[in-house]
Every structure is written in structure tokens, then in C-alpha cells.
$ cat query_36.txt   # compact mmCIF, C-alpha atoms
# COMPACT_ATOMS: atom_id res chain seq x y z
CA VAL S 1 -36.13 -6.48 -17.81
CA PRO S 2 -35.75 -6.97 -14.04
CA THR S 3 -35.61 -3.77 -12.00
CA PRO S 4 -32.00 -4.25 -10.77
CA VAL S 5 -30.80 -4.60 -14.37
CA THR S 6 -32.67 -1.46 -15.39
CA GLN S 7 -31.01 0.43 -12.55
CA VAL S 8 -27.57 -0.71 -13.70
CA TYR S 9 -28.25 0.50 -17.26
CA ALA S 10 -29.51 3.83 -15.93
CA ARG S 11 -26.40 4.29 -13.79
CA GLN S 12 -24.12 3.53 -16.73
CA ALA S 13 -26.01 5.98 -18.94
CA ARG S 14 -25.69 8.68 -16.29
CA LEU S 15 -21.94 8.04 -15.94
CA THR S 16 -21.52 8.19 -19.71
CA LEU S 17 -23.27 11.56 -19.91
CA GLN S 18 -21.15 12.90 -17.06
CA ALA S 19 -17.97 11.74 -18.77
CA LEU S 20 -19.01 13.37 -22.06
CA PHE S 21 -20.24 16.73 -20.80
CA ARG S 22 -18.36 17.37 -17.54
CA ALA S 23 -14.92 16.11 -18.45
CA GLN S 24 -13.42 19.60 -18.68
CA THR S 25 -14.84 20.92 -15.41
CA LEU S 26 -14.50 18.02 -13.00
CA LEU S 27 -11.83 18.00 -10.30
CA PRO S 28 -8.80 20.11 -11.28
CA SER S 29 -5.61 18.13 -10.64
CA PRO S 30 -2.86 19.45 -8.36
CA PRO S 31 0.48 20.41 -9.97
CA MET S 32 2.52 17.38 -11.04
CA ASP S 33 5.64 19.15 -12.30
CA ALA S 34 7.94 18.15 -9.40
CA THR S 35 11.62 17.96 -10.21
CA LEU S 36 12.20 14.97 -7.85
CA SER S 37 15.75 16.25 -7.45
CA ALA S 38 16.02 15.11 -3.81
CA VAL S 39 15.38 11.47 -4.76
CA ALA S 40 17.14 11.42 -8.14
CA GLY S 41 18.59 7.98 -8.79
CA ALA S 42 16.88 6.34 -5.80
CA ASP S 43 14.19 3.69 -6.07
CA VAL S 44 10.86 4.90 -4.67
CA PHE S 45 8.48 2.33 -3.17
CA LEU S 46 4.84 3.20 -2.45
CA PHE S 47 3.56 0.31 -0.32
CA PHE S 48 -0.06 0.39 0.84
CA ILE S 49 -0.47 -1.88 3.88
CA GLU S 50 -3.93 -3.42 3.80
CA SER S 51 -6.05 -2.44 6.85
CA TYR S 52 -3.15 -0.71 8.62
CA GLY S 53 -5.09 1.82 10.63
CA ALA S 54 -4.59 4.35 13.40
CA ILE S 55 -6.22 1.82 15.74
CA THR S 56 -2.79 0.14 15.96
CA TYR S 57 -1.64 3.23 17.90
CA ASP S 58 -4.90 4.39 19.46
CA ARG S 59 -5.74 1.20 21.37
CA PRO S 60 -3.21 0.69 24.18
CA ASP S 61 -3.49 -3.12 24.03
CA PHE S 62 -2.88 -3.10 20.25
CA ALA S 63 0.04 -0.70 20.61
CA ALA S 64 1.65 -2.79 23.36
CA ARG S 65 1.36 -6.00 21.34
CA LEU S 66 2.88 -4.31 18.28
CA GLN S 67 5.69 -2.48 20.07
CA PRO S 68 8.27 -5.30 19.65
CA ALA S 69 7.62 -5.39 15.89
CA ARG S 70 7.87 -1.61 15.68
CA ASP S 71 11.09 -1.67 17.71
CA ALA S 72 12.52 -4.22 15.28
CA LEU S 73 11.61 -2.03 12.32
CA ALA S 74 13.13 1.02 14.05
CA ARG S 75 16.37 -0.90 14.65
CA ALA S 76 16.50 -2.04 11.04
CA ILE S 77 16.04 1.54 9.87
CA GLN S 78 18.76 2.88 12.17
CA GLU S 79 21.26 0.07 11.56
CA SER S 80 20.91 0.46 7.80
CA GLY S 81 21.80 4.16 8.00
CA ARG S 82 18.29 5.41 7.38
CA ASP S 83 15.78 7.66 9.08
CA VAL S 84 11.99 7.76 9.12
CA ALA S 85 9.26 10.40 9.40
CA SER S 86 5.64 9.56 10.24
CA ALA S 87 2.17 11.11 10.38
CA PHE S 88 -1.52 10.31 10.40
CA VAL S 89 -3.64 11.10 7.34
CA GLU S 90 -7.37 10.64 6.87
CA SER S 91 -8.32 7.92 4.41
CA PRO S 92 -11.25 8.44 2.03
CA THR S 93 -12.60 5.00 2.99
CA PHE S 94 -13.10 2.81 6.06
CA GLY S 95 -12.91 -0.97 6.40
CA GLY S 96 -12.69 -1.67 2.66
CA SER S 97 -12.71 -0.24 -0.88
CA SER S 98 -8.93 0.18 -0.82
CA TRP S 99 -8.86 1.50 -4.38
CA PHE S 100 -10.34 4.80 -3.18
CA ALA S 101 -7.24 5.32 -1.04
CA HIS S 102 -4.92 4.30 -3.88
CA ILE S 103 -6.41 6.64 -6.45
CA SER S 104 -6.78 9.52 -3.98
CA LEU S 105 -3.10 9.52 -3.07
CA MET S 106 -1.79 8.88 -6.57
CA SER S 107 -4.02 11.46 -8.25
CA GLY S 108 -4.05 14.08 -5.49
CA LEU S 109 -7.86 14.17 -5.67
CA GLN S 110 -10.31 13.00 -3.00
CA ILE S 111 -12.14 9.99 -4.43
CA ASN S 112 -14.61 8.41 -2.04
CA ASN S 113 -17.39 6.85 -4.10
CA PRO S 114 -17.64 4.48 -7.10
CA ASP S 115 -19.17 7.01 -9.51
CA LEU S 116 -16.44 9.58 -8.89
CA ASN S 117 -13.81 6.86 -9.26
CA ALA S 118 -15.26 5.71 -12.59
CA LEU S 119 -15.67 9.27 -13.86
CA LEU S 120 -12.08 10.22 -13.08
CA MET S 121 -10.81 7.17 -14.94
CA THR S 122 -12.46 8.35 -18.15
CA GLN S 123 -10.03 11.26 -18.21
CA GLN S 124 -6.35 11.59 -19.01
CA ARG S 125 -4.69 13.01 -15.91
CA ASP S 126 -1.19 13.20 -14.52
CA THR S 127 -0.58 10.99 -11.51
CA ILE S 128 2.39 10.36 -9.27
CA VAL S 129 3.19 7.49 -11.67
CA THR S 130 3.44 9.70 -14.76
CA THR S 131 5.41 12.26 -12.75
CA PHE S 132 8.09 9.68 -11.98
CA ALA S 133 8.00 8.31 -15.52
CA ARG S 134 8.78 11.78 -16.92
CA ARG S 135 11.91 11.87 -14.74
CA GLY S 136 13.26 8.63 -16.19
CA TYR S 137 11.83 6.12 -13.73
CA ARG S 138 10.59 2.66 -14.63
CA THR S 139 7.10 2.55 -13.12
CA LEU S 140 5.70 -0.76 -11.88
CA ALA S 141 2.53 -2.02 -10.21
CA LEU S 142 2.90 -5.12 -8.01
CA MET S 143 -0.62 -6.53 -7.78
CA PRO S 144 -0.64 -9.91 -5.96
CA GLY S 145 -4.40 -9.65 -5.42
CA LEU S 146 -5.12 -9.20 -9.13
CA TRP S 147 -6.05 -12.31 -11.11
CA TYR S 148 -8.10 -10.72 -13.89
CA PRO S 149 -7.50 -7.99 -16.49
CA TRP S 150 -6.96 -4.54 -14.97
CA PRO S 151 -8.02 -1.86 -17.47
CA GLU S 152 -7.97 0.70 -14.63
CA GLY S 153 -4.18 0.45 -14.63
CA ALA S 154 -4.08 2.48 -17.85
CA PHE S 155 -5.35 5.54 -15.96
CA TYR S 156 -2.34 5.59 -13.65
CA GLY S 157 0.19 5.27 -16.45
CA PHE S 158 2.22 2.28 -15.26
CA GLN S 159 4.79 1.03 -17.73
CA ASP S 160 4.55 -2.55 -16.47
CA SER S 161 2.65 -4.60 -13.90
CA TYR S 162 2.91 -7.94 -12.14
CA ASN S 163 -0.40 -9.64 -11.35
CA GLY S 164 -0.97 -12.87 -9.45
CA PRO S 165 -0.30 -15.26 -12.37
CA ARG S 166 2.85 -13.37 -13.43
CA LEU S 167 4.24 -13.33 -9.88
CA ALA S 168 3.89 -17.14 -10.01
CA TYR S 169 4.00 -18.03 -6.33
CA PRO S 170 5.05 -21.72 -6.07
CA GLY S 171 4.44 -22.23 -2.35
CA PRO S 172 1.45 -23.09 -0.15
CA SER S 173 -1.61 -20.87 -0.29
CA PHE S 174 -2.59 -18.30 2.36
CA GLY S 175 -5.83 -16.37 2.48
CA TRP S 176 -7.88 -15.25 -0.48
CA TRP S 177 -4.92 -14.25 -2.69
CA ASP S 178 -2.58 -17.18 -2.09
CA MET S 179 0.80 -15.48 -1.76
CA PRO S 180 2.44 -13.90 1.30
CA ASP S 181 3.61 -10.30 1.06
CA GLN S 182 7.14 -11.45 1.85
CA PHE S 183 7.14 -13.53 -1.32
CA THR S 184 5.97 -10.56 -3.42
CA LEU S 185 8.85 -8.45 -2.11
CA ALA S 186 11.31 -11.26 -2.77
CA ARG S 187 10.01 -11.58 -6.34
CA LEU S 188 10.35 -7.82 -6.82
CA ASP S 189 14.00 -8.06 -5.84
CA GLU S 190 14.62 -11.02 -8.11
CA GLN S 191 12.88 -9.62 -11.20
CA GLU S 192 13.58 -5.89 -10.91
CA VAL S 193 15.68 -4.54 -8.03
CA SER S 194 18.65 -6.87 -8.52
CA GLN S 195 19.03 -6.06 -12.22
CA SER S 196 22.18 -4.15 -13.14
CA ALA S 197 22.36 -1.09 -15.40
CA ARG S 198 18.68 -0.25 -14.96
CA ALA S 199 16.62 2.89 -14.49
CA PRO S 200 15.49 3.77 -10.96
CA LEU S 201 12.15 2.20 -10.02
CA PHE S 202 8.86 3.59 -8.86
CA VAL S 203 6.88 0.67 -7.42
CA PHE S 204 3.26 0.62 -6.25
CA PHE S 205 2.39 -2.42 -4.10
CA PRO S 206 -0.91 -2.92 -2.23
CA THR S 207 -0.28 -5.74 0.23
CA VAL S 208 -2.70 -8.61 0.89
CA SER S 209 -1.53 -10.56 3.96
CA THR S 210 -3.32 -8.25 6.42
CA HIS S 211 -6.70 -8.56 4.73
CA THR S 212 -9.81 -9.61 6.66
CA PRO S 213 -10.17 -12.23 8.22
CA PHE S 214 -6.39 -11.93 8.91
CA THR S 215 -5.85 -15.70 8.99
CA PRO S 216 -4.29 -18.02 7.98
CA LEU S 217 -1.18 -15.92 8.49
CA PRO S 218 2.04 -16.99 6.76
CA PRO S 219 5.10 -17.50 8.96
CA TYR S 220 7.91 -14.99 8.57
CA GLN S 221 10.86 -16.63 6.81
CA PRO S 222 14.30 -15.18 7.78
CA ASP S 223 15.83 -16.88 4.72
CA TRP S 224 14.42 -14.64 2.01
CA GLY S 225 15.88 -16.71 -0.81
CA ARG S 226 13.79 -19.65 0.31
CA MET S 227 10.59 -17.66 -0.30
CA LEU S 228 11.05 -18.19 -4.05
CA THR S 229 11.05 -21.99 -3.73
CA SER S 230 8.11 -24.40 -3.56
CA THR S 231 8.91 -25.13 0.11
CA PRO S 232 9.31 -21.70 1.70
CA PHE S 233 8.33 -22.84 5.22
CA ASP S 234 9.13 -25.64 7.63
CA ALA S 235 6.35 -28.18 8.06
CA ASP S 236 5.71 -27.39 11.73
CA ASP S 237 5.35 -23.67 11.05
CA LEU S 238 3.00 -24.38 8.18
CA VAL S 239 0.78 -26.64 10.28
CA ALA S 240 0.61 -24.01 13.04
CA SER S 241 -0.47 -21.37 10.51
CA TYR S 242 -3.19 -23.53 8.99
CA GLU S 243 -4.57 -24.52 12.39
CA SER S 244 -5.31 -20.88 13.20
CA GLU S 245 -9.03 -20.44 12.48
CA PRO S 246 -10.65 -16.98 12.44
CA ASP S 247 -12.83 -16.14 15.42
CA TRP S 248 -15.60 -14.23 13.66
CA PHE S 249 -16.83 -12.90 17.00
CA ASP S 250 -13.43 -11.41 17.87
CA LEU S 251 -11.04 -10.73 14.98
CA ARG S 252 -8.88 -8.38 17.04
CA PRO S 253 -6.11 -10.84 18.03
CA ALA S 254 -5.78 -12.09 14.44
CA TYR S 255 -5.68 -8.52 13.18
CA VAL S 256 -2.87 -7.51 15.53
CA ASN S 257 -0.89 -10.63 14.60
CA SER S 258 -1.23 -9.82 10.91
CA VAL S 259 0.02 -6.25 11.39
CA ALA S 260 2.95 -7.59 13.41
CA TYR S 261 3.75 -9.89 10.48
CA ALA S 262 3.66 -6.92 8.07
CA LEU S 263 6.01 -4.86 10.24
CA GLU S 264 8.36 -7.83 10.65
CA THR S 265 8.38 -8.37 6.89
CA PHE S 266 9.28 -4.76 6.13
CA ALA S 267 11.93 -4.76 8.86
CA GLY S 268 13.47 -7.80 7.21
CA TYR S 269 13.39 -6.13 3.83
CA VAL S 270 15.07 -2.99 5.16
CA GLN S 271 17.82 -5.13 6.72
CA ARG S 272 18.22 -7.22 3.60
CA ARG S 273 18.59 -4.16 1.38
CA ALA S 274 20.75 -2.16 3.78
CA GLY S 275 23.10 -1.00 1.02
CA ARG S 276 20.40 0.12 -1.42
CA ASP S 277 19.44 3.72 -2.17
CA TYR S 278 15.66 4.02 -1.86
CA VAL S 279 12.70 5.83 -0.40
CA MET S 280 10.03 3.55 1.10
CA ILE S 281 6.55 4.92 1.80
CA LEU S 282 4.52 2.65 4.08
CA ILE S 283 0.92 3.80 4.35
CA GLY S 284 -2.34 2.25 5.49
CA ASP S 285 -5.15 2.18 2.96
CA HIS S 286 -7.89 2.31 5.60
CA GLN S 287 -8.80 1.27 9.12
CA PRO S 288 -9.81 -2.38 9.64
CA PRO S 289 -13.56 -3.10 9.79
CA ALA S 290 -15.61 -1.77 12.69
CA VAL S 291 -15.73 -5.27 14.17
CA VAL S 292 -12.07 -4.60 15.03
CA THR S 293 -12.06 -0.83 15.69
CA GLY S 294 -15.40 -0.53 17.46
CA GLN S 295 -17.78 2.39 16.93
CA GLY S 296 -16.68 5.97 16.44
CA ALA S 297 -13.11 5.29 15.28
CA PRO S 298 -11.49 7.99 13.13
CA TRP S 299 -10.69 7.30 9.49
CA ASP S 300 -6.99 7.97 10.09
CA VAL S 301 -4.15 5.76 8.90
CA PRO S 302 -0.39 5.92 9.58
CA VAL S 303 2.17 6.86 6.95
CA HIS S 304 5.93 6.28 7.36
CA VAL S 305 8.60 7.51 4.94
CA ILE S 306 11.89 5.61 5.28
CA THR S 307 15.03 6.73 3.44
CA ASN S 308 18.77 7.22 3.60
CA ARG S 309 18.39 10.75 2.18
CA PRO S 310 18.37 13.27 5.06
CA ALA S 311 17.06 16.14 2.94
CA VAL S 312 13.82 14.24 2.32
CA ILE S 313 13.25 13.56 6.02
CA ASP S 314 14.09 17.15 6.94
CA ALA S 315 11.63 18.47 4.36
CA LEU S 316 8.85 16.17 5.61
CA VAL S 317 9.44 17.16 9.23
CA ALA S 318 9.34 20.83 8.20
CA ARG S 319 5.94 20.14 6.61
CA GLY S 320 4.46 18.63 9.77
CA MET S 321 5.55 15.01 9.95
CA THR S 322 7.20 13.59 13.08
CA ARG S 323 10.65 12.03 13.11
CA GLY S 324 10.42 8.35 14.08
CA LEU S 325 7.76 5.63 13.78
CA ALA S 326 5.25 7.21 16.20
CA PRO S 327 2.92 9.66 14.40
CA THR S 328 1.27 12.35 16.48
CA ARG S 329 -2.11 14.07 16.47
CA PRO S 330 -3.55 16.11 14.96
CA ARG S 331 -3.43 14.33 11.62
CA LEU S 332 -1.31 15.91 8.92
CA SER S 333 -3.97 16.07 6.19
CA HIS S 334 -6.44 14.10 4.15
CA MET S 335 -4.82 11.36 2.09
CA HIS S 336 -5.09 13.15 -1.25
CA GLU S 337 -3.41 16.22 0.28
CA LEU S 338 -0.38 14.11 1.15
CA LEU S 339 0.67 13.91 -2.51
CA PRO S 340 1.84 17.57 -2.79
CA VAL S 341 3.69 17.17 0.53
CA LEU S 342 5.57 14.14 -0.79
CA LEU S 343 6.36 15.67 -4.18
CA ALA S 344 7.64 18.86 -2.53
CA ALA S 345 9.88 16.87 -0.17
CA PHE S 346 11.16 14.76 -3.06
CA SER S 347 12.10 17.97 -4.87
CA ALA S 348 13.69 19.80 -1.92
CA SER S 349 17.29 20.91 -2.21

$ encode --input "query_36.txt" --output "C-alpha cells"
Amino acid sequence: VPTPVTQVYARQARLTLQALFRAQTLLPSPPMDATLSAVAGADVFLFFIESYGAITYDRPDFAARLQPARDALARAIQESGRDVASAFVESPTFGGSSWFAHISLMSGLQINNPDLNALLMTQQRDTIVTTFARRGYRTLALMPGLWYPWPEGAFYGFQDSYNGPRLAYPGPSFGWWDMPDQFTLARLDEQEVSQSARAPLFVFFPTVSTHTPFTPLPPYQPDWGRMLTSTPFDADDLVASYESEPDWFDLRPAYVNSVAYALETFAGYVQRRAGRDYVMILIGDHQPPAVVTGQGAPWDVPVHVITNRPAVIDALVARGMTRGLAPTRPRLSHMHELLPVLLAAFSAS
């Protein structure tokens, strides 16, 4: 048997023994008995923005280029009667391996390597998903980057999930996962949010449009209904997007453009759903690769909580977040430590 294959078998045997004999002593979970009284009846959206890192604030040239998009998001928040609180948190990963960020926040445990990730998934634990399900929420995973079976989803406790084939994007392809994030949000509205006489939703959505190499970037479509058709974009806009080739020696301009697209998309969604009652958590999964950040960048990512419920914002500010879209240093916490902060704010009177 070739040596690499032997090493794989040995690793799997070691993981199996760990799962069998250390299951009761590994990683105690934080309390998950939140009442969620401060968000009762509201939809709660947990949106991880791919590669949305602190570098978008820390580099003056990045921050200046993104300021118009942030201003547009701030206006959409204010004009829709909402407020926002922001902070920096430290991600458990850098430049990739987004699932470490996802599982760390949703489990409240710091997961930063594949073995720990696999070991945790052998256990039955409460997560933020099961917490919301116990309070009567319909829990969904929107997974536009998922085109194969996802047995890991059972660990989180989602009641339903939408993968790439089920989302059924009919338009032109962009990047490695075909569909623009704007389309995924439009499909969420069509299939779930717009339904009458339904339970409140908890939705987990890891975006894909800001993934390396950040091009081709879909155009933003102001007519959201058109995103669900086979011709979501005008021909000239489509040609301009496809003509944008990645510069592998300098991905920084493409990265900033992709983050601007993400902010514009969420600003449009906030405007479009101005009358809805929801809490939207926008959080970066990790910094972009070092080819964008340079050496020595922190592992911090921004988090923004947008809602029309003042008690939630007040509770987050009291726990160290900053009102507005500009997070401040020092960082609030590690990513897994953000979960108790959110659950406490969602349960504040």
C-alpha cells in the first residue's frame, strides 16, 4: 500500500479512537438555553460574507474605495427604520477553510483544525441552529457552493437546506459556483420569506461571490425580480463582467470590487425588505489570502448586526459593540466567543 494511503488509514483510525474514548471529555459546549425573547417572531439571518476581512477597514486605500458602498448600506439601514452595531472578532482561520469559522460561531467552540472539526461532528451538541429550532423557528441552510451530499449538515441540526441544484439558478455562470449571491437572496425570498402564515426563519448563508480570484464579478441588478429569470443581466453588463480577467500578481483591485458588490447587494436587500421584521448578522468568515492582505495581517473580521429592534442593538452596544458600520479596535472577542454575546442580546428584555 502506498505510504500516503497508509497515512490516511492511520489518521482515520486515530480519529475513530478519539471519538470513541474522548467523546465525554472533549470541549464542553457553552449554554444554549437562550429565551430569544428580544427577537421573538423576527426572522434571523446569519450571513457569512466570504473573505470579508478587517483589511477592508485597515488599508486606507481599500476603505476609501469601499466607503460609497458602505454609505449606501448605512442609508438603506437608516431609511428602513433600522440600526446597526459592529465589531471586529478574530476568526479561527485565515485565507480559506471557511467551515472552521462557521462551526466555531454556531457551536460556540474554537475549531481551527480538520481533526478537531471531524471529532466534534461525531458528537450530538446543541448549536445556534437547535437553539432557534427549540423556540419554534424554521431553520434553513442556504448553500449555493454545495453541489454534493452534505452529511456535516446533520451536526448543526438544520430542518431543511438548499444546495446548488435545488436553488436552480437559470442565468449565466459566474466563478466556481455559478450563481451570484444576489440570486440566492432573491430565491430565499421567493421560496421562504414571502410565504404567508409561516414560522419565523433562522437562515444560515455562506456567500460565494467574493471568493478568490474575485472575478468574474456579476453585475448588481436593481430589478430583483429579474434575478430569477434566465436573462438577469443586460448584454453589455454581462460582456463587461466576462472581460474582467484576474491579475494573479495583484488581486487587490478585484477583491475590493467584489466586497463592494457584496455591500451593494445587502444594501439592496435591506431596501427591498424595508417593511420586514428581521435581524441580519453580516460577518466575515476570514481575511482574504495573504496575496491581498500582505504579511502580518491580523485574523480579524468585521461583524455587523442590523435590525429594527432597538433592544437588541442596545444590548450589543452594552456588551462592547459599536453603533454604526465602523467597528473599532480592540476586537470584541474570538469568533466562537461571539455566540454567547449574540444569544444574550437576543434574549435581553

$ atom_distance --input "query_36.txt" --atom1 "atom CA of Val193 of chain S" --atom2 "atom CA of Ser98 of chain S"
26.1 Å

$ closest_residue --input "query_36.txt" --among "S:Val279, S:Ala348, S:Ile103, S:Ala262" --to "Met335 of chain S" --atoms "only C-alpha atoms"
S:Ile103

$ closest_residue --input "query_36.txt" --among "S:Pro302, S:Gly96, S:Pro340, S:Pro60" --to "Leu316 of chain S" --atoms "all atoms listed in the file"
S:Pro340

$ closest_atom_pairs --input "query_36.txt" --of "segment 166-204 of chain S" --to "segment 234-242 of chain S" --cutoff "10 Å" --atoms "all atoms listed in the file" --output "tab-separated table"
residue	atom	partner	partner_atom	distance
S:Pro172	CA	S:Leu238	CA	8.6
S:Ser173	CA	S:Tyr242	CA	9.8
S:Phe174	CA	S:Tyr242	CA	8.5

$ closest_residue --input "query_36.txt" --among "S:Gly320, S:Pro216, S:Pro180, S:Pro200" --to "Thr265 of chain S" --atoms "only C-alpha atoms"
S:Pro180

$ residues_around --input "query_36.txt" --residues "segment 182-190 of chain S" --least-positions-apart "6" --cutoff "8 Å" --atoms "all atoms listed in the file" --output "short mmCIF file (atom, residue, chain, number, x, y, z; two decimals) with C-alpha atoms, in the frame of the given file"
data_model
loop_
_atom_site.label_atom_id
_atom_site.label_comp_id
_atom_site.auth_asym_id
_atom_site.auth_seq_id
_atom_site.Cartn_x
_atom_site.Cartn_y
_atom_site.Cartn_z
CA LEU S 142 2.90 -5.12 -8.01
CA PRO S 144 -0.64 -9.91 -5.96
CA LEU S 167 4.24 -13.33 -9.88
CA TYR S 169 4.00 -18.03 -6.33
CA TYR S 220 7.91 -14.99 8.57
CA TRP S 224 14.42 -14.64 2.01
CA GLY S 225 15.88 -16.71 -0.81
CA MET S 227 10.59 -17.66 -0.30
CA LEU S 228 11.05 -18.19 -4.05
CA THR S 265 8.38 -8.37 6.89
CA TYR S 269 13.39 -6.13 3.83
#

$ atom_distance --input "query_36.txt" --atom1 "atom CA of Met32 of chain S" --atom2 "atom CA of Ala87 of chain S"
22.3 Å

$ residues_around --input "query_36.txt" --residues "Thr293 of chain S" --least-positions-apart "3" --cutoff "10 Å" --atoms "all atoms listed in the file" --output "list in words"
Gly53, Ala54, Ile55, Thr56, Asp58, Arg59, Gly95, Leu251, Arg252, Gln287, Pro288, Pro289, Ala290, Gly296, Ala297 and Pro298 of chain S

$ closest_residue --input "query_36.txt" --among "S:Val84, S:Ile281, S:Ala118, S:Ala133" --to "Arg11 of chain S" --atoms "all atoms listed in the file"
S:Ala118
